[in-house]
$ cat run_30.cif   # mmCIF, C-alpha atoms
data_run
#
loop_
_atom_site.group_PDB
_atom_site.id
_atom_site.type_symbol
_atom_site.label_atom_id
_atom_site.label_comp_id
_atom_site.auth_asym_id
_atom_site.auth_seq_id
_atom_site.Cartn_x
_atom_site.Cartn_y
_atom_site.Cartn_z
ATOM 1 C CA MET A 215 -67.230 16.599 -7.090
ATOM 2 C CA ARG A 216 -64.187 17.440 -9.082
ATOM 3 C CA ARG A 217 -62.405 18.751 -6.017
ATOM 4 C CA ARG A 218 -62.880 15.437 -4.231
ATOM 5 C CA GLU A 219 -61.390 13.530 -7.168
ATOM 6 C CA MET A 220 -58.431 15.885 -7.287
ATOM 7 C CA PHE A 221 -57.960 15.578 -3.530
ATOM 8 C CA ARG A 222 -58.009 11.766 -3.751
ATOM 9 C CA ALA A 223 -55.487 11.835 -6.594
ATOM 10 C CA VAL A 224 -53.141 14.068 -4.605
ATOM 11 C CA VAL A 225 -53.434 11.830 -1.518
ATOM 12 C CA ALA A 226 -52.816 8.695 -3.584
ATOM 13 C CA GLY A 227 -49.824 10.281 -5.314
ATOM 14 C CA THR A 228 -48.347 11.399 -2.007
ATOM 15 C CA GLY A 229 -48.686 7.890 -0.599
ATOM 16 C CA THR A 230 -46.960 6.453 -3.638
ATOM 17 C CA LEU A 231 -44.068 8.893 -3.337
ATOM 18 C CA LEU A 232 -43.657 8.133 0.362
ATOM 19 C CA GLY A 233 -43.635 4.421 -0.395
ATOM 20 C CA LEU A 234 -40.964 4.839 -3.064
ATOM 21 C CA GLY A 235 -38.863 6.899 -0.678
ATOM 22 C CA ALA A 236 -38.998 4.116 1.918
ATOM 23 C CA VAL A 237 -37.946 1.502 -0.654
ATOM 24 C CA GLN A 238 -35.034 3.675 -1.804
ATOM 25 C CA ALA A 239 -33.936 4.271 1.802
ATOM 26 C CA ALA A 240 -33.962 0.531 2.479
ATOM 27 C CA ALA A 241 -31.854 -0.096 -0.622
ATOM 28 C CA VAL A 242 -29.285 2.467 0.478
ATOM 29 C CA THR A 243 -28.903 1.071 3.996
ATOM 30 C CA GLU A 244 -28.234 -2.513 2.879
ATOM 31 C CA PRO A 245 -24.889 -2.609 1.032
ATOM 32 C CA ALA A 246 -24.319 -5.289 -1.561
ATOM 33 C CA ARG A 247 -22.268 -8.297 -0.489
ATOM 34 C CA GLN A 248 -18.670 -7.842 -1.604
ATOM 35 C CA LYS A 249 -16.789 -10.503 -3.563
ATOM 36 C CA VAL A 250 -13.003 -10.272 -3.257
ATOM 37 C CA ALA A 251 -10.113 -12.403 -4.520
ATOM 38 C CA TYR A 252 -6.811 -12.014 -2.670
ATOM 39 C CA HIS A 253 -3.654 -12.976 -4.581
ATOM 40 C CA LEU A 254 -0.691 -14.191 -2.514
ATOM 41 C CA SER A 255 2.635 -15.339 -3.924
ATOM 42 C CA ASP A 256 5.234 -13.646 -1.706
ATOM 43 C CA VAL A 257 6.181 -15.644 1.395
ATOM 44 C CA ASP A 258 7.132 -12.472 3.277
ATOM 45 C CA LYS A 259 3.559 -11.150 2.907
ATOM 46 C CA VAL A 260 1.701 -14.130 4.412
ATOM 47 C CA ASN A 261 1.008 -12.524 7.811
ATOM 48 C CA PHE A 262 0.212 -9.197 6.178
ATOM 49 C CA VAL A 263 -2.337 -10.727 3.785
ATOM 50 C CA LEU A 264 -3.972 -12.817 6.520
ATOM 51 C CA GLY A 265 -4.270 -9.621 8.567
ATOM 52 C CA ASN A 266 -5.813 -7.802 5.605
ATOM 53 C CA ILE A 267 -8.364 -10.572 5.170
ATOM 54 C CA LYS A 268 -9.306 -10.456 8.870
ATOM 55 C CA ASN A 269 -9.672 -6.684 8.659
ATOM 56 C CA HIS A 270 -11.825 -7.116 5.558
ATOM 57 C CA TYR A 271 -14.204 -9.472 7.385
ATOM 58 C CA ASP A 272 -14.311 -7.140 10.385
ATOM 59 C CA GLY A 273 -14.780 -3.995 8.292
ATOM 60 C CA THR A 274 -17.712 -5.417 6.360
ATOM 61 C CA GLY A 275 -19.309 -7.147 9.312
ATOM 62 C CA GLY A 276 -18.813 -10.411 7.435
ATOM 63 C CA ASN A 277 -20.787 -9.140 4.427
ATOM 64 C CA VAL A 278 -18.106 -10.383 2.039
ATOM 65 C CA ASP A 279 -17.116 -13.521 0.135
ATOM 66 C CA ILE A 280 -13.328 -13.828 0.142
ATOM 67 C CA VAL A 281 -11.224 -16.223 -1.902
ATOM 68 C CA LEU A 282 -7.485 -16.504 -1.268
ATOM 69 C CA VAL A 283 -5.392 -17.831 -4.151
ATOM 70 C CA VAL A 284 -1.862 -18.876 -3.180
ATOM 71 C CA HIS A 285 0.949 -19.822 -5.532
ATOM 72 C CA GLY A 286 4.707 -19.582 -5.735
ATOM 73 C CA PRO A 287 6.919 -19.379 -2.643
ATOM 74 C CA ALA A 288 4.019 -18.334 -0.374
ATOM 75 C CA LEU A 289 2.475 -21.796 -0.620
ATOM 76 C CA ALA A 290 5.269 -23.305 1.502
ATOM 77 C CA ALA A 291 4.115 -21.125 4.420
ATOM 78 C CA PHE A 292 0.857 -23.106 4.569
ATOM 79 C CA LYS A 293 2.388 -26.572 4.910
ATOM 80 C CA SER A 294 0.880 -28.157 8.018
ATOM 81 C CA LYS A 295 4.193 -29.565 9.249
ATOM 82 C CA GLY A 296 6.489 -26.989 10.798
ATOM 83 C CA ILE A 297 4.069 -24.084 10.465
ATOM 84 C CA SER A 298 3.977 -21.440 13.161
ATOM 85 C CA ALA A 299 1.057 -21.595 15.566
ATOM 86 C CA ALA A 300 0.293 -17.960 14.776
ATOM 87 C CA ILE A 301 -0.216 -18.564 11.047
ATOM 88 C CA SER A 302 -2.034 -21.831 11.620
ATOM 89 C CA GLY A 303 -4.441 -20.315 14.143
ATOM 90 C CA ARG A 304 -5.019 -17.201 12.106
ATOM 91 C CA PHE A 305 -5.724 -19.196 8.957
ATOM 92 C CA ALA A 306 -8.085 -21.601 10.760
ATOM 93 C CA GLY A 307 -10.033 -18.658 12.172
ATOM 94 C CA LEU A 308 -10.433 -17.146 8.712
ATOM 95 C CA VAL A 309 -11.599 -20.457 7.268
ATOM 96 C CA GLN A 310 -14.259 -20.539 10.007
ATOM 97 C CA GLN A 311 -15.366 -17.070 8.904
ATOM 98 C CA GLY A 312 -15.864 -18.389 5.367
ATOM 99 C CA LEU A 313 -12.491 -17.930 3.671
ATOM 100 C CA GLU A 314 -12.171 -20.109 0.577
ATOM 101 C CA SER A 315 -8.523 -20.910 -0.176
ATOM 102 C CA HIS A 316 -7.038 -22.294 -3.378
ATOM 103 C CA ALA A 317 -3.520 -23.592 -3.910
ATOM 104 C CA CYS A 318 -2.028 -23.457 -7.378
ATOM 105 C CA ALA A 319 -1.738 -26.994 -8.761
ATOM 106 C CA ASN A 320 1.319 -25.999 -10.801
ATOM 107 C CA THR A 321 3.109 -24.753 -7.672
ATOM 108 C CA MET A 322 2.060 -27.851 -5.752
ATOM 109 C CA GLN A 323 3.539 -30.060 -8.461
ATOM 110 C CA GLY A 324 6.725 -27.987 -8.695
ATOM 111 C CA MET A 325 7.247 -27.999 -4.919
ATOM 112 C CA ASP A 326 6.101 -31.624 -4.506
ATOM 113 C CA ILE A 327 3.261 -30.591 -2.167
ATOM 114 C CA SER A 328 -0.131 -32.283 -1.985
ATOM 115 C CA LEU A 329 -3.371 -30.971 -0.501
ATOM 116 C CA ALA A 330 -2.776 -33.340 2.425
ATOM 117 C CA ASP A 331 0.459 -31.432 3.154
ATOM 118 C CA LEU A 332 -1.377 -28.110 3.454
ATOM 119 C CA LEU A 333 -3.513 -26.719 6.252
ATOM 120 C CA ALA A 334 -7.126 -27.859 6.247
ATOM 121 C CA GLY A 335 -9.329 -25.651 4.120
ATOM 122 C CA PHE A 336 -7.325 -25.561 0.895
ATOM 123 C CA HIS A 337 -8.685 -26.604 -2.483
ATOM 124 C CA ALA A 338 -6.553 -27.205 -5.555
ATOM 125 C CA ALA A 339 -6.680 -24.638 -8.344
ATOM 126 C CA ASP A 340 -6.316 -27.384 -10.958
ATOM 127 C CA LYS A 341 -5.774 -25.028 -13.909
ATOM 128 C CA GLY A 342 -3.295 -22.898 -11.946
ATOM 129 C CA GLY A 343 -3.467 -19.971 -9.566
ATOM 130 C CA VAL A 344 -3.437 -17.230 -12.173
ATOM 131 C CA VAL A 345 -6.185 -18.956 -14.150
ATOM 132 C CA LYS A 346 -8.273 -19.217 -10.969
ATOM 133 C CA LEU A 347 -7.777 -15.495 -10.323
ATOM 134 C CA ALA A 348 -8.921 -14.635 -13.852
ATOM 135 C CA GLU A 349 -11.978 -16.875 -13.462
ATOM 136 C CA LEU A 350 -12.897 -15.161 -10.190
ATOM 137 C CA GLN A 351 -12.567 -11.733 -11.793
ATOM 138 C CA GLY A 352 -14.873 -12.937 -14.559
ATOM 139 C CA GLN A 353 -17.398 -13.845 -11.844
ATOM 140 C CA GLY A 354 -17.337 -10.304 -10.501
ATOM 141 C CA TYR A 355 -14.703 -10.669 -7.769
ATOM 142 C CA ALA A 356 -12.553 -7.631 -7.063
ATOM 143 C CA TYR A 357 -8.843 -8.445 -7.370
ATOM 144 C CA LEU A 358 -6.510 -7.491 -4.511
ATOM 145 C CA ARG A 359 -2.798 -8.127 -4.368
ATOM 146 C CA PRO A 360 -1.487 -6.526 -1.179
#
$ encode --input "run_30.cif" --output "structure tokens"
Amino acid sequence: MRRREMFRAVVAGTGTLLGLGAVQAAAVTEPARQKVAYHLSDVDKVNFVLGNIKNHYDGTGGNVDIVLVVHGPALAAFKSKGISAAISGRFAGLVQQGLESHACANTMQGMDISLADLLAGFHAADKGGVVKLAELQGQGYAYLRP
């Protein structure tokens, strides 16, 4: 009688261990969704940063939330009038992939730019670009400044 009880206990324990192993394997194969904030202020890095963001989406299979915060001279590169078709098309494609873009309200005021002047997809960072970046970091976003 005792042998049967011990046998049942061993079988039950083995099943439990196998079940835990399957749960752990599933957790390992599904990476957590990344949260990344890109900081852009240099006008000469606009194409580079947009390329980095595209590569980030591609490299994660889209398993990423990306926020782009633009301030300073780089903001002028996103004005809808006179913008190159390459930047405009690239930016629009990233917005379709889920890119959330914020323009520094302080820079907009200083450069006399409104949201209507910028490419579609921008939101105003009302407290400023650097404040927005700090808020995002507080929400668990990784900070990247290429």
$ resolve_selection --input "run_30.cif" --expression "the PyMOL selection byres ((chain A and resi 281-287) around 10)" --output "ChimeraX atom specification"
/A:249-258,260,263-264,267,278-280,288-292,312-322,324-325,336-339,342-344,346-347,350,355,357-358
$ closest_residue --input "run_30.cif" --among "A:Gln311, A:Ala356, A:Ala300, A:Gln323" --to "Asn261 of chain A" --atoms "all atoms listed in the file"
A:Ala300
$ atom_distance --input "run_30.cif" --atom1 "atom CA of Gly335 of chain A" --atom2 "atom CA of Arg304 of chain A"
12.4 Å
$ atom_distance --input "run_30.cif" --atom1 "atom CA of Gly296 of chain A" --atom2 "atom CA of Phe262 of chain A"
19.4 Å
$ closest_residue --input "run_30.cif" --among "A:Ile301, A:Ala334, A:Ala246, A:Ala306" --to "Lys259 of chain A" --atoms "all atoms listed in the file"
A:Ile301
$ atom_distance --input "run_30.cif" --atom1 "atom CA of Lys293 of chain A" --atom2 "atom CA of Leu332 of chain A"
4.3 Å
$ axis_aligned_box --input "run_30.cif" --around "segment 248-255 of chain A" --padding-each-side "5 Å" --output "lines of an AutoDock Vina configuration file"
center_x = -8.0
center_y = -11.6
center_z = -3.1
size_x = 31.3
size_y = 17.5
size_z = 13.0
$ closest_residue --input "run_30.cif" --among "A:Ala299, A:Ala348, A:Leu333, A:Val309" --to "Tyr271 of chain A" --atoms "only C-alpha atoms"
A:Val309
